[in-house]
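Student: This is the structure I have questions about; it appears just below.
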Amino acid sequence: MANKRNTEAKTPLKFNDLGISDIKDNAAGIPAVLASLKYLTNEVGFLDAMSLMLKANQTEGFDCPSCAWPDPHPNERSSVAEYCENGAKAIGDEATKKRIDAAFFKKHSVEELSAQSDYWLNKQGRLTSPMFLPKGSKHYQPITWDDAFTKIAKQLNTLKNPNEAIFYTSGRASNEAAFSYQLFVRQFGTNNLPDCSNMCHESSGVALNETVGIGKGSVTLEDFYEAEVVLVIGQNPGTNHPRMMSALQKCKHNGGQIVSINPLPETGLKKFTNPQEVFEVLKGGTSLADHFLQVKINGDVALLKGIMFLLLQKDKKQQGVFDHHFIATHTTGFQDFEVHLAQTNLEECVRESGISLAQMEEIANLLANKTKIIACWAMGLTQHKNAVESIREVVNLLLLKGSIGHKGAGLCPVRGHSNVQGDRTMGIYEKPPQAFLDRLQKYFNFEPPREHGYDTVAAIKAMHKGEASVFFALGGNFLSATPDTEFTAEALQRCTLTVQVSTKLNRSHLITGEEALILPCLGRTERDVQQSGEQFVSVENSMGIVHASRGNLQPASEDLMSETAIVCMLAHTTLKERSNVNWLAMSDNYDLIRDHIEGCILGFENFNSRVREEGGFYLPNGARIKKFNNAFGKALFTVNLIPQNTLPSDRFLMMTIRTHDQFNTTVYGLDDRYRGIYNERRVVLMNPEDMAAKGLTTKSMVDLTSFFEGEERYAPSFLVVPFSIPRGCVATYFPEANVLVPINQIADRSHTPVSKGVVVGIKASKYSPI
């Protein structure tokens with residue numbers, strides 16, 4: 001039975017004075033420096049900010065809690081400014097001097113707080129002590145750590161089946177916390193370990209494991225410097241991974257070309273001004289994308305297939321366009337793939353992609369005599385119904401060119417959270433490989449569960465059905481990150497207990513089970529001192545480098561615990577004599593955890609020694625050396641069909657995106673500076689011709705309705721912004737539009753919510769601006 005609190009899951013209908021200007025044509029530069037300084041000064045103070053940022057992404061400092069883009073080699077990275085604007089905001093947001101204490105929760109009920117925006121909630125500051133929301137109460141109240149652990153353990157141990165508990169993980173958790181967490185959960189008896197990967201790059205993992213034998217990218221940072229061509233597909237580096245622009249800049253300076261494939265023009269791929277280089281600032285930056293292909297939403301397979309068909313025609317005329325030696329030696333499935341590709345209908349490719357034949361020919365001509373090709377992508381590929389097939393088509397293109405396994409070439413899924421890749425390496429996965437479970441069993445002498453657990457969507461459905469009643473989140477903002485906001489809220493509210501390990505207040509603290517706990521933890525920037533002394537943690541970046549992270553700030557409160565310590569203490573309290581693991585010793589000394597990791601996970605030999613080396617170490621990557629550890633022992637060509645996205649004339653295909661003042665669900669501000677949208681988030685970006693056809697003008701207020709398998713979902717009161725986007729396509733910000741994403745609309749095989757392919761109708765609003 002759901003709790004009786006009248007809390008609001010959706011973002012509130014509050015409007016500001018929307019400002020609109022032209023799209024910016026230059027990313028970073030002095031404006032980014034000023035924006036970073038302003039944010040840091042407001043949150044931390046100027047002098048403290050300058051001291052803090054000197055430690056960001058340094059070998060003796062802390063890893064930025066924002067994206068997972070790799071750091072340059074220690075000899076090449078800046079000693080004073082190895083971070084970007086959004087990294088500075090993430091660090092300032094965590095290091096803020098604002099605090100939330102027990103008096104705050106005594107003053108504000110959860111109902112009152114739920115009426116505030118996500119931006120307002122985040123701005124209230126750091127959580128400082130454990131808080132408990134009793135059954136029937138509308139106010140959180142203080143609780144001791146011991147009582148909190150005892151309460152959670154009691155709930156867990158009274159479940160009829162361990163599978164009635166769900167243990168979610170955000171990509172922020174360190175390797176040490178993640179390994180301890182999955183070990184605890186499996187000793188408890190379940191594989192219910194959904195994580196944020198389920199909602200972002202799960203499709204990449206499925207496609208890459210199948211085709212090249214590893215669910216990670218094959219490139220290094222240095223490969224970007226040597227690449228002849230970089231394909232940037234469904235990705236916005238300027239906002240989501242700004243330090244990537246430095247790598248693209250080096251690629252351009254070394255003669256490489258960049259191809260941007262995306263429904264929206266993004267400033268970060270037009271021109272980049274590196275603020276650390278005086279000459280770059282004086283000359284106005286470096287133009288990045290040589291080619292912009294404004295593909296329709298989910299038109300990527302059609303585009304890639306058209307380009308490959310043109311390359312096939314060229315190869316028939318002049319041998320050498322395809323790398324036939326690589327194909328014969330290192331791949332399988334080429335014959336079936338070639339037969340399928342030869343049947344391609346170019347007219348269909350043009351129609352479904354929205355890209356002209358002339359543009360396809362231009363890219364085919366560019367790639368024909370190149371082998372140093374990198375393909376990188378993000379959510380613009382991974383969140384479609386056919387996302388796995390889209391990524392397999394990217395792999396096909398690089399296999400044809402032999403562009404995997406040598407310098408300057410390869411695959412690059414660009415991850416979001418700073419350790420989301422590391423968490424999966426540590427075993428945060430609802431479908432763990434049997435070999436990994438075998439190693440856990442042998443090393444720790446227990447029988448881990450073998451039955452697959454719930455992924456994120458399955459976990460939401462299980463809670464909604466009453467088949468799971470305890471929800472524990474190690475970081476993140478589950479409600480705002482997930483699809484179908486109202487359905488997910490109902491699911492959480494049907495739990496008996498929800499627990500959130502967090503640094504800042506968010507909406508998931510307000511939409512709860514009958515009882516709820518907030519467990520405040522240390523941030524990445526803070527010193528972590530345990531009984532054995534000061535600790536450090538490790539993370540893995542997008543390119544498979546594992547390195548140390550050491551906070552340097554005093555904790556925001558004396559009553560905070562590290563994520564690792566929280567997990568270990570919970571395991572100790574819950575499992576007791578059922579576990580032969582010395583959880584208290586692990587909590588006191590993280591070296592012991594790293595010893596366990598070394599004993600269970602391949603590639604971590606001499607972990608404690610190597611992680612202390614400057615710059616860390618690379619994990620093994622078979623695809624990087626043409627060793628494809630899939631079912632075939634060779635890279636796999638696949639046959640993928642062009643999706644048909646034909647819609648009725650009054651329907652649009654919607655994708656959700658983030659603003660420049662946002663990292664995942666954390667909202668730093670109300671501006672989307674690069675896109676020229678200011679002071680408002682409840683907007684829908686539309687093609688001006690589509691606006692005219694529906695009788696809409698700039699700032700018209702509209703209501704959105706999504707349609708899926710006879711179901712309708714409704715989101716009122718969005719302001720229309722004219723934008724360069726293909727006809728029939730619209731874009732909205734998340735989490736505001738997550739309410740429109742159907743819980744049952746998921747990607748084939750990966751089960752990722754289809755946030756980039758929602759069919760919507762748009763009508764003049766029934767409401768007036770507030």
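Residue numbers start at 1 in each chain; chains themselves are named A, B, ... in the order of the structure tokens; ligands are numbered from 1 in the order shown.
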Determine, counting only C-alpha atoms, which protein, DNA and RNA residues have an atom within 8 Å of an atom of Thr239 (chain A); residues of the same chain fewer than 2 positions away are not included. Present the result as a list in words.

Tutor: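 The residues that qualify are Asn86, Asn236, Pro237, His241, Pro242, Gly268, Thr659 and His660 of chain A.
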
Student: Restricted to N, CA and C atoms, what would the selected residues look like written as an mmCIF file, in the first residue's frame?

Tutor:
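In the end it all went to out_19.cif:
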```cif
data_model
loop_
_atom_site.group_PDB
_atom_site.id
_atom_site.type_symbol
_atom_site.label_atom_id
_atom_site.label_comp_id
_atom_site.auth_asym_id
_atom_site.auth_seq_id
_atom_site.Cartn_x
_atom_site.Cartn_y
_atom_site.Cartn_z
ATOM 1 N N ASN A 86 31.796 22.759 -16.662
ATOM 2 C CA ASN A 86 30.840 21.913 -15.956
ATOM 3 C C ASN A 86 31.496 21.126 -14.835
ATOM 4 N N ASN A 236 26.990 15.645 -27.448
ATOM 5 C CA ASN A 236 27.181 17.081 -27.298
ATOM 6 C C ASN A 236 28.362 17.340 -26.364
ATOM 7 N N PRO A 237 29.590 17.250 -26.874
ATOM 8 C CA PRO A 237 30.761 17.387 -26.005
ATOM 9 C C PRO A 237 30.845 18.726 -25.273
ATOM 10 N N HIS A 241 30.701 16.711 -22.041
ATOM 11 C CA HIS A 241 32.083 16.238 -21.842
ATOM 12 C C HIS A 241 33.038 17.316 -22.361
ATOM 13 N N PRO A 242 33.040 18.511 -21.747
ATOM 14 C CA PRO A 242 33.780 19.635 -22.350
ATOM 15 C C PRO A 242 35.271 19.411 -22.548
ATOM 16 N N GLY A 268 29.534 23.227 -29.067
ATOM 17 C CA GLY A 268 30.816 22.607 -28.760
ATOM 18 C C GLY A 268 31.463 21.894 -29.922
ATOM 19 N N THR A 659 20.569 20.609 -20.333
ATOM 20 C CA THR A 659 21.018 21.975 -20.594
ATOM 21 C C THR A 659 22.499 22.117 -20.264
ATOM 22 N N HIS A 660 23.033 23.275 -20.611
ATOM 23 C CA HIS A 660 24.435 23.536 -20.288
ATOM 24 C C HIS A 660 24.638 23.764 -18.791
#
```

Student: Which neighbours of region 146-161 of chain A fall inside 10 Å, counting only C-alpha atoms, when residues of the same chain fewer than 2 positions from it are skipped, and could you give them as a PyMOL selection string?

Tutor: chain A and resi 130-132+142-144+163-165+188-190+467-472+496-499+516-519+566-567+569-575

Student: So which bits of region 215-328 of chain A end up alpha helix (DSSP H) when you DSSP the backbone, as an mmCIF file with C-alpha atoms, in the first residue's frame?

Tutor:
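Once everything was written out, this is part-v1.cif:
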```cif
data_model
loop_
_atom_site.group_PDB
_atom_site.id
_atom_site.type_symbol
_atom_site.label_atom_id
_atom_site.label_comp_id
_atom_site.auth_asym_id
_atom_site.auth_seq_id
_atom_site.Cartn_x
_atom_site.Cartn_y
_atom_site.Cartn_z
ATOM 1 C CA LEU A 221 43.171 9.618 -25.374
ATOM 2 C CA GLU A 222 46.311 9.710 -27.495
ATOM 3 C CA ASP A 223 44.449 7.996 -30.341
ATOM 4 C CA PHE A 224 42.382 11.163 -30.772
ATOM 5 C CA TYR A 225 45.554 13.132 -31.429
ATOM 6 C CA GLU A 226 46.493 10.780 -34.297
ATOM 7 C CA PRO A 237 30.761 17.387 -26.005
ATOM 8 C CA GLY A 238 30.565 21.119 -25.300
ATOM 9 C CA THR A 239 28.064 20.569 -22.503
ATOM 10 C CA ASN A 240 28.324 16.931 -21.472
ATOM 11 C CA MET A 244 36.839 16.234 -24.939
ATOM 12 C CA MET A 245 37.005 19.426 -26.992
ATOM 13 C CA SER A 246 40.709 19.757 -26.137
ATOM 14 C CA ALA A 247 41.323 16.328 -27.671
ATOM 15 C CA LEU A 248 39.332 17.281 -30.774
ATOM 16 C CA GLN A 249 41.330 20.502 -30.997
ATOM 17 C CA LYS A 250 44.582 18.525 -31.035
ATOM 18 C CA CYS A 251 43.130 16.227 -33.668
ATOM 19 C CA LYS A 252 42.342 19.238 -35.865
ATOM 20 C CA HIS A 253 45.774 20.792 -35.325
ATOM 21 C CA VAL A 278 46.577 32.640 -25.110
ATOM 22 C CA PHE A 279 46.994 32.361 -28.865
ATOM 23 C CA GLU A 280 43.743 30.382 -29.130
ATOM 24 C CA VAL A 281 41.894 33.094 -27.206
ATOM 25 C CA LEU A 282 43.397 35.845 -29.362
ATOM 26 C CA LYS A 283 42.576 34.135 -32.660
ATOM 27 C CA ASP A 300 21.524 6.993 -37.692
ATOM 28 C CA VAL A 301 21.232 3.425 -39.032
ATOM 29 C CA ALA A 302 19.839 4.731 -42.319
ATOM 30 C CA LEU A 303 22.689 7.230 -42.592
ATOM 31 C CA LEU A 304 25.450 4.768 -41.722
ATOM 32 C CA LYS A 305 24.036 2.140 -44.051
ATOM 33 C CA GLY A 306 23.883 4.644 -46.895
ATOM 34 C CA ILE A 307 27.514 5.637 -46.333
ATOM 35 C CA MET A 308 28.644 1.997 -46.162
ATOM 36 C CA PHE A 309 26.731 1.175 -49.351
ATOM 37 C CA LEU A 310 28.557 3.974 -51.146
ATOM 38 C CA LEU A 311 31.860 2.670 -49.784
ATOM 39 C CA LEU A 312 30.930 -0.816 -51.013
ATOM 40 C CA GLN A 313 30.396 0.553 -54.515
ATOM 41 C CA LYS A 314 33.770 2.279 -54.370
ATOM 42 C CA ASP A 315 35.476 -0.887 -53.145
ATOM 43 C CA LYS A 316 34.049 -2.872 -56.070
ATOM 44 C CA LYS A 317 35.575 -0.361 -58.439
ATOM 45 C CA HIS A 324 40.135 -6.955 -46.753
ATOM 46 C CA HIS A 325 43.132 -8.337 -44.885
ATOM 47 C CA PHE A 326 41.698 -7.196 -41.559
ATOM 48 C CA ILE A 327 38.262 -8.500 -42.542
ATOM 49 C CA ALA A 328 39.616 -11.922 -43.504
#
```

Student: Applying 10 Å and only C-alpha atoms, which residues near Arg658 (chain A) remain after dropping the ones on its own chain fewer than 6 positions away? List them as a VMD selection string.

Tutor: chain A and resid 236 239 to 240 664 to 667 672 681 731 to 735

Student: I need the residues of region 174-306 of chain A that end up classed as strand (DSSP E or B) by DSSP on the backbone, written out as a PDB file with all heavy atoms, in the first residue's frame.

Tutor:
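Writing the result to selection-v1.pdb gives the following:
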```pdb
ATOM      1  N   ASP A 195      21.639  -0.194 -12.063  1.00  0.00           N
ATOM      2  CA  ASP A 195      22.483   0.994 -11.925  1.00  0.00           C
ATOM      3  C   ASP A 195      22.163   1.984 -13.034  1.00  0.00           C
ATOM      4  O   ASP A 195      21.347   1.719 -13.917  1.00  0.00           O
ATOM      5  CB  ASP A 195      23.969   0.623 -11.925  1.00  0.00           C
ATOM      6  CG  ASP A 195      24.471   0.164 -13.288  1.00  0.00           C
ATOM      7  OD1 ASP A 195      23.659  -0.339 -14.091  1.00  0.00           O
ATOM      8  OD2 ASP A 195      25.667   0.295 -13.565  1.00  0.00           O
ATOM      9  N   VAL A 229      40.081  10.914 -38.948  1.00  0.00           N
ATOM     10  CA  VAL A 229      38.668  11.298 -38.910  1.00  0.00           C
ATOM     11  C   VAL A 229      38.091  10.880 -37.561  1.00  0.00           C
ATOM     12  O   VAL A 229      38.327   9.767 -37.089  1.00  0.00           O
ATOM     13  CB  VAL A 229      37.850  10.624 -40.036  1.00  0.00           C
ATOM     14  CG1 VAL A 229      36.379  11.024 -39.939  1.00  0.00           C
ATOM     15  CG2 VAL A 229      38.404  10.976 -41.405  1.00  0.00           C
ATOM     16  N   VAL A 230      37.327  11.780 -36.946  1.00  0.00           N
ATOM     17  CA  VAL A 230      36.565  11.454 -35.738  1.00  0.00           C
ATOM     18  C   VAL A 230      35.092  11.674 -36.036  1.00  0.00           C
ATOM     19  O   VAL A 230      34.684  12.783 -36.409  1.00  0.00           O
ATOM     20  CB  VAL A 230      36.992  12.313 -34.527  1.00  0.00           C
ATOM     21  CG1 VAL A 230      36.130  11.966 -33.309  1.00  0.00           C
ATOM     22  CG2 VAL A 230      38.465  12.102 -34.199  1.00  0.00           C
ATOM     23  N   LEU A 231      34.309  10.614 -35.898  1.00  0.00           N
ATOM     24  CA  LEU A 231      32.858  10.700 -36.045  1.00  0.00           C
ATOM     25  C   LEU A 231      32.248  10.911 -34.660  1.00  0.00           C
ATOM     26  O   LEU A 231      32.445  10.079 -33.762  1.00  0.00           O
ATOM     27  CB  LEU A 231      32.303   9.415 -36.654  1.00  0.00           C
ATOM     28  CG  LEU A 231      32.895   8.956 -37.991  1.00  0.00           C
ATOM     29  CD1 LEU A 231      32.342   7.586 -38.374  1.00  0.00           C
ATOM     30  CD2 LEU A 231      32.603   9.968 -39.084  1.00  0.00           C
ATOM     31  N   VAL A 232      31.549  12.013 -34.481  1.00  0.00           N
ATOM     32  CA  VAL A 232      30.902  12.319 -33.200  1.00  0.00           C
ATOM     33  C   VAL A 232      29.399  12.164 -33.423  1.00  0.00           C
ATOM     34  O   VAL A 232      28.771  13.001 -34.069  1.00  0.00           O
ATOM     35  CB  VAL A 232      31.256  13.739 -32.722  1.00  0.00           C
ATOM     36  CG1 VAL A 232      30.639  13.998 -31.346  1.00  0.00           C
ATOM     37  CG2 VAL A 232      32.773  13.933 -32.665  1.00  0.00           C
ATOM     38  N   ILE A 233      28.824  11.100 -32.883  1.00  0.00           N
ATOM     39  CA  ILE A 233      27.460  10.712 -33.223  1.00  0.00           C
ATOM     40  C   ILE A 233      26.561  10.803 -31.992  1.00  0.00           C
ATOM     41  O   ILE A 233      26.843  10.174 -30.971  1.00  0.00           O
ATOM     42  CB  ILE A 233      27.425   9.272 -33.779  1.00  0.00           C
ATOM     43  CG1 ILE A 233      28.509   9.058 -34.849  1.00  0.00           C
ATOM     44  CG2 ILE A 233      26.050   8.945 -34.332  1.00  0.00           C
ATOM     45  CD1 ILE A 233      28.638   7.623 -35.306  1.00  0.00           C
ATOM     46  N   GLN A 257      40.054  15.394 -39.364  1.00  0.00           N
ATOM     47  CA  GLN A 257      38.761  16.002 -39.665  1.00  0.00           C
ATOM     48  C   GLN A 257      37.700  15.436 -38.735  1.00  0.00           C
ATOM     49  O   GLN A 257      37.791  14.289 -38.301  1.00  0.00           O
ATOM     50  CB  GLN A 257      38.363  15.760 -41.125  1.00  0.00           C
ATOM     51  CG  GLN A 257      39.277  16.443 -42.135  1.00  0.00           C
ATOM     52  CD  GLN A 257      38.637  16.508 -43.509  1.00  0.00           C
ATOM     53  OE1 GLN A 257      37.508  16.953 -43.660  1.00  0.00           O
ATOM     54  NE2 GLN A 257      39.382  16.058 -44.520  1.00  0.00           N
ATOM     55  N   ILE A 258      36.704  16.261 -38.445  1.00  0.00           N
ATOM     56  CA  ILE A 258      35.653  15.877 -37.502  1.00  0.00           C
ATOM     57  C   ILE A 258      34.309  15.942 -38.198  1.00  0.00           C
ATOM     58  O   ILE A 258      33.995  16.919 -38.890  1.00  0.00           O
ATOM     59  CB  ILE A 258      35.668  16.797 -36.260  1.00  0.00           C
ATOM     60  CG1 ILE A 258      36.991  16.616 -35.502  1.00  0.00           C
ATOM     61  CG2 ILE A 258      34.491  16.495 -35.341  1.00  0.00           C
ATOM     62  CD1 ILE A 258      37.242  17.661 -34.449  1.00  0.00           C
ATOM     63  N   VAL A 259      33.526  14.888 -38.004  1.00  0.00           N
ATOM     64  CA  VAL A 259      32.183  14.805 -38.568  1.00  0.00           C
ATOM     65  C   VAL A 259      31.193  14.753 -37.407  1.00  0.00           C
ATOM     66  O   VAL A 259      31.261  13.856 -36.564  1.00  0.00           O
ATOM     67  CB  VAL A 259      32.013  13.554 -39.452  1.00  0.00           C
ATOM     68  CG1 VAL A 259      30.592  13.490 -40.008  1.00  0.00           C
ATOM     69  CG2 VAL A 259      33.045  13.549 -40.577  1.00  0.00           C
ATOM     70  N   SER A 260      30.284  15.718 -37.357  1.00  0.00           N
ATOM     71  CA  SER A 260      29.251  15.750 -36.325  1.00  0.00           C
ATOM     72  C   SER A 260      27.945  15.235 -36.910  1.00  0.00           C
ATOM     73  O   SER A 260      27.474  15.726 -37.931  1.00  0.00           O
ATOM     74  CB  SER A 260      29.062  17.184 -35.804  1.00  0.00           C
ATOM     75  OG  SER A 260      27.932  17.267 -34.967  1.00  0.00           O
ATOM     76  N   ILE A 261      27.353  14.234 -36.240  1.00  0.00           N
ATOM     77  CA  ILE A 261      26.089  13.640 -36.665  1.00  0.00           C
ATOM     78  C   ILE A 261      25.109  13.770 -35.508  1.00  0.00           C
ATOM     79  O   ILE A 261      25.278  13.124 -34.470  1.00  0.00           O
ATOM     80  CB  ILE A 261      26.278  12.157 -37.058  1.00  0.00           C
ATOM     81  CG1 ILE A 261      27.304  12.025 -38.182  1.00  0.00           C
ATOM     82  CG2 ILE A 261      24.946  11.529 -37.453  1.00  0.00           C
ATOM     83  CD1 ILE A 261      27.707  10.582 -38.484  1.00  0.00           C
ATOM     84  N   LYS A 271      32.979  25.524 -32.807  1.00  0.00           N
ATOM     85  CA  LYS A 271      34.292  26.121 -32.579  1.00  0.00           C
ATOM     86  C   LYS A 271      34.599  26.040 -31.089  1.00  0.00           C
ATOM     87  O   LYS A 271      33.705  26.172 -30.249  1.00  0.00           O
ATOM     88  CB  LYS A 271      34.314  27.573 -33.055  1.00  0.00           C
ATOM     89  CG  LYS A 271      35.667  28.264 -32.881  1.00  0.00           C
ATOM     90  CD  LYS A 271      35.636  29.710 -33.389  1.00  0.00           C
ATOM     91  CE  LYS A 271      35.720  29.751 -34.896  1.00  0.00           C
ATOM     92  NZ  LYS A 271      35.903  31.159 -35.375  1.00  0.00           N
ATOM     93  N   PHE A 272      35.860  25.820 -30.784  1.00  0.00           N
ATOM     94  CA  PHE A 272      36.311  25.691 -29.395  1.00  0.00           C
ATOM     95  C   PHE A 272      37.480  26.624 -29.143  1.00  0.00           C
ATOM     96  O   PHE A 272      38.466  26.609 -29.886  1.00  0.00           O
ATOM     97  CB  PHE A 272      36.724  24.244 -29.112  1.00  0.00           C
ATOM     98  CG  PHE A 272      37.499  24.054 -27.826  1.00  0.00           C
ATOM     99  CD1 PHE A 272      36.942  24.402 -26.603  1.00  0.00           C
ATOM    100  CD2 PHE A 272      38.779  23.520 -27.840  1.00  0.00           C
ATOM    101  CE1 PHE A 272      37.647  24.220 -25.420  1.00  0.00           C
ATOM    102  CE2 PHE A 272      39.490  23.323 -26.662  1.00  0.00           C
ATOM    103  CZ  PHE A 272      38.923  23.679 -25.449  1.00  0.00           C
ATOM    104  N   THR A 273      37.349  27.440 -28.110  1.00  0.00           N
ATOM    105  CA  THR A 273      38.449  28.298 -27.688  1.00  0.00           C
ATOM    106  C   THR A 273      39.014  27.755 -26.382  1.00  0.00           C
ATOM    107  O   THR A 273      38.340  27.788 -25.340  1.00  0.00           O
ATOM    108  CB  THR A 273      37.982  29.745 -27.482  1.00  0.00           C
ATOM    109  OG1 THR A 273      37.493  30.256 -28.721  1.00  0.00           O
ATOM    110  CG2 THR A 273      39.135  30.623 -27.002  1.00  0.00           C
ATOM    111  N   THR A 286      39.405  27.392 -32.390  1.00  0.00           N
ATOM    112  CA  THR A 286      39.604  26.449 -33.494  1.00  0.00           C
ATOM    113  C   THR A 286      38.256  25.900 -33.952  1.00  0.00           C
ATOM    114  O   THR A 286      37.466  25.413 -33.137  1.00  0.00           O
ATOM    115  CB  THR A 286      40.486  25.268 -33.037  1.00  0.00           C
ATOM    116  OG1 THR A 286      41.784  25.753 -32.686  1.00  0.00           O
ATOM    117  CG2 THR A 286      40.629  24.225 -34.142  1.00  0.00           C
ATOM    118  N   SER A 287      37.986  25.992 -35.231  1.00  0.00           N
ATOM    119  CA  SER A 287      36.779  25.366 -35.772  1.00  0.00           C
ATOM    120  C   SER A 287      36.939  23.856 -35.668  1.00  0.00           C
ATOM    121  O   SER A 287      37.983  23.303 -36.003  1.00  0.00           O
ATOM    122  CB  SER A 287      36.561  25.771 -37.227  1.00  0.00           C
ATOM    123  OG  SER A 287      36.306  27.161 -37.330  1.00  0.00           O
ATOM    124  N   ALA A 289      34.025  20.873 -36.139  1.00  0.00           N
ATOM    125  CA  ALA A 289      33.356  19.993 -37.104  1.00  0.00           C
ATOM    126  C   ALA A 289      33.537  20.495 -38.538  1.00  0.00           C
ATOM    127  O   ALA A 289      33.148  21.614 -38.871  1.00  0.00           O
ATOM    128  CB  ALA A 289      31.886  19.868 -36.774  1.00  0.00           C
ATOM    129  N   ASP A 290      34.155  19.663 -39.369  1.00  0.00           N
ATOM    130  CA  ASP A 290      34.289  19.975 -40.796  1.00  0.00           C
ATOM    131  C   ASP A 290      33.001  19.655 -41.544  1.00  0.00           C
ATOM    132  O   ASP A 290      32.732  20.226 -42.602  1.00  0.00           O
ATOM    133  CB  ASP A 290      35.441  19.160 -41.398  1.00  0.00           C
ATOM    134  CG  ASP A 290      36.758  19.445 -40.704  1.00  0.00           C
ATOM    135  OD1 ASP A 290      37.426  20.407 -41.079  1.00  0.00           O
ATOM    136  OD2 ASP A 290      37.095  18.682 -39.768  1.00  0.00           O
ATOM    137  N   HIS A 291      32.220  18.726 -40.995  1.00  0.00           N
ATOM    138  CA  HIS A 291      30.971  18.299 -41.630  1.00  0.00           C
ATOM    139  C   HIS A 291      29.913  18.157 -40.545  1.00  0.00           C
ATOM    140  O   HIS A 291      30.171  17.547 -39.500  1.00  0.00           O
ATOM    141  CB  HIS A 291      31.150  16.958 -42.349  1.00  0.00           C
ATOM    142  CG  HIS A 291      32.279  16.931 -43.317  1.00  0.00           C
ATOM    143  ND1 HIS A 291      32.151  17.271 -44.643  1.00  0.00           N
ATOM    144  CD2 HIS A 291      33.599  16.589 -43.141  1.00  0.00           C
ATOM    145  CE1 HIS A 291      33.317  17.149 -45.246  1.00  0.00           C
ATOM    146  NE2 HIS A 291      34.211  16.737 -44.357  1.00  0.00           N
ATOM    147  N   PHE A 292      28.729  18.702 -40.786  1.00  0.00           N
ATOM    148  CA  PHE A 292      27.603  18.540 -39.867  1.00  0.00           C
ATOM    149  C   PHE A 292      26.463  17.874 -40.610  1.00  0.00           C
ATOM    150  O   PHE A 292      25.934  18.417 -41.581  1.00  0.00           O
ATOM    151  CB  PHE A 292      27.160  19.891 -39.303  1.00  0.00           C
ATOM    152  CG  PHE A 292      25.889  19.806 -38.484  1.00  0.00           C
ATOM    153  CD1 PHE A 292      25.720  18.816 -37.522  1.00  0.00           C
ATOM    154  CD2 PHE A 292      24.865  20.727 -38.678  1.00  0.00           C
ATOM    155  CE1 PHE A 292      24.547  18.729 -36.776  1.00  0.00           C
ATOM    156  CE2 PHE A 292      23.687  20.662 -37.932  1.00  0.00           C
ATOM    157  CZ  PHE A 292      23.532  19.660 -36.977  1.00  0.00           C
ATOM    158  N   LEU A 293      26.099  16.683 -40.169  1.00  0.00           N
ATOM    159  CA  LEU A 293      24.996  15.933 -40.751  1.00  0.00           C
ATOM    160  C   LEU A 293      23.828  15.975 -39.770  1.00  0.00           C
ATOM    161  O   LEU A 293      23.855  15.298 -38.738  1.00  0.00           O
ATOM    162  CB  LEU A 293      25.398  14.487 -41.034  1.00  0.00           C
ATOM    163  CG  LEU A 293      26.198  14.229 -42.329  1.00  0.00           C
ATOM    164  CD1 LEU A 293      27.510  14.989 -42.333  1.00  0.00           C
ATOM    165  CD2 LEU A 293      26.442  12.740 -42.522  1.00  0.00           C
TER     166      LEU A 293
END
```

Student: When distances are computed from only C-alpha atoms, which of A:Tyr119, A:Phe104, A:Tyr168, A:Phe708 shows the smallest separation from Val185 (chain A)?

Tutor: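 Smallest distance to Val185 (chain A) is found for A:Tyr168.
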
Student: For the contact check between region 380-419 of chain A and region 742-765 of chain A, emit one row per residue of region 380-419 of chain A within 9 Å, containing the shortest atom pair and the distance in Å rounded to one decimal, counting only C-alpha atoms, chain then rising number order, as a Markdown table.

Tutor:
```
| residue | atom | partner | partner_atom | distance |
| --- | --- | --- | --- | --- |
| A:Gly380 | CA | A:Lys756 | CA | 6.8 |
| A:Leu381 | CA | A:Lys756 | CA | 8.3 |
| A:Thr382 | CA | A:Thr752 | CA | 7.7 |
| A:Gln383 | CA | A:Val754 | CA | 4.9 |
| A:His384 | CA | A:Val754 | CA | 4.9 |
| A:Lys385 | CA | A:Ala747 | CA | 4.0 |
| A:Asn386 | CA | A:Ala747 | CA | 5.9 |
| A:Ala387 | CA | A:Ala747 | CA | 6.2 |
| A:Val388 | CA | A:Asp748 | CA | 7.1 |
| A:Glu389 | CA | A:Asp748 | CA | 8.8 |
```

Student: With distances taken over only C-alpha atoms, which of A:Lys694, A:Thr344, A:Glu94, A:Asn580 is nearest to Asn640 (chain A)?

Tutor: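 Of the candidates, the smallest distance to Asn640 (chain A) is held by A:Thr344.
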
Student: Which is closer to Ala459 (chain A) than all the others in A:Val110, A:Ser203, A:Ala35, A:Cys495, using only C-alpha atoms?

Tutor: A:Cys495

Student: Each residue of region 132-227 of chain A lying at most 12 Å from region 600-623 of chain A should get a row with its shortest atom-to-atom pair and the distance in Å to one decimal, counting only C-alpha atoms; could you produce that, ordered by chain and increasing number, as CSV?

Tutor:
```
residue,atom,partner,partner_atom,distance
A:Asn175,CA,A:Ile601,CA,11.6
A:Glu176,CA,A:Asn608,CA,11.7
A:Phe179,CA,A:Cys600,CA,9.9
A:Ser180,CA,A:Cys600,CA,12.0
A:Leu183,CA,A:Cys600,CA,10.8
A:Leu208,CA,A:Ala623,CA,9.7
A:Asn209,CA,A:Ala623,CA,10.1
A:Glu210,CA,A:Ala623,CA,11.9
A:Thr211,CA,A:Ala623,CA,9.9
A:Val212,CA,A:Ala623,CA,6.1
A:Gly213,CA,A:Ala623,CA,7.1
A:Ile214,CA,A:Ala623,CA,7.1
A:Gly215,CA,A:Asn621,CA,9.8
A:Lys216,CA,A:Asn621,CA,8.2
A:Gly217,CA,A:Ala623,CA,8.3
A:Ser218,CA,A:Ala623,CA,5.8
A:Val219,CA,A:Ala623,CA,9.0
A:Thr220,CA,A:Tyr618,CA,9.6
A:Leu221,CA,A:Tyr618,CA,11.8
```
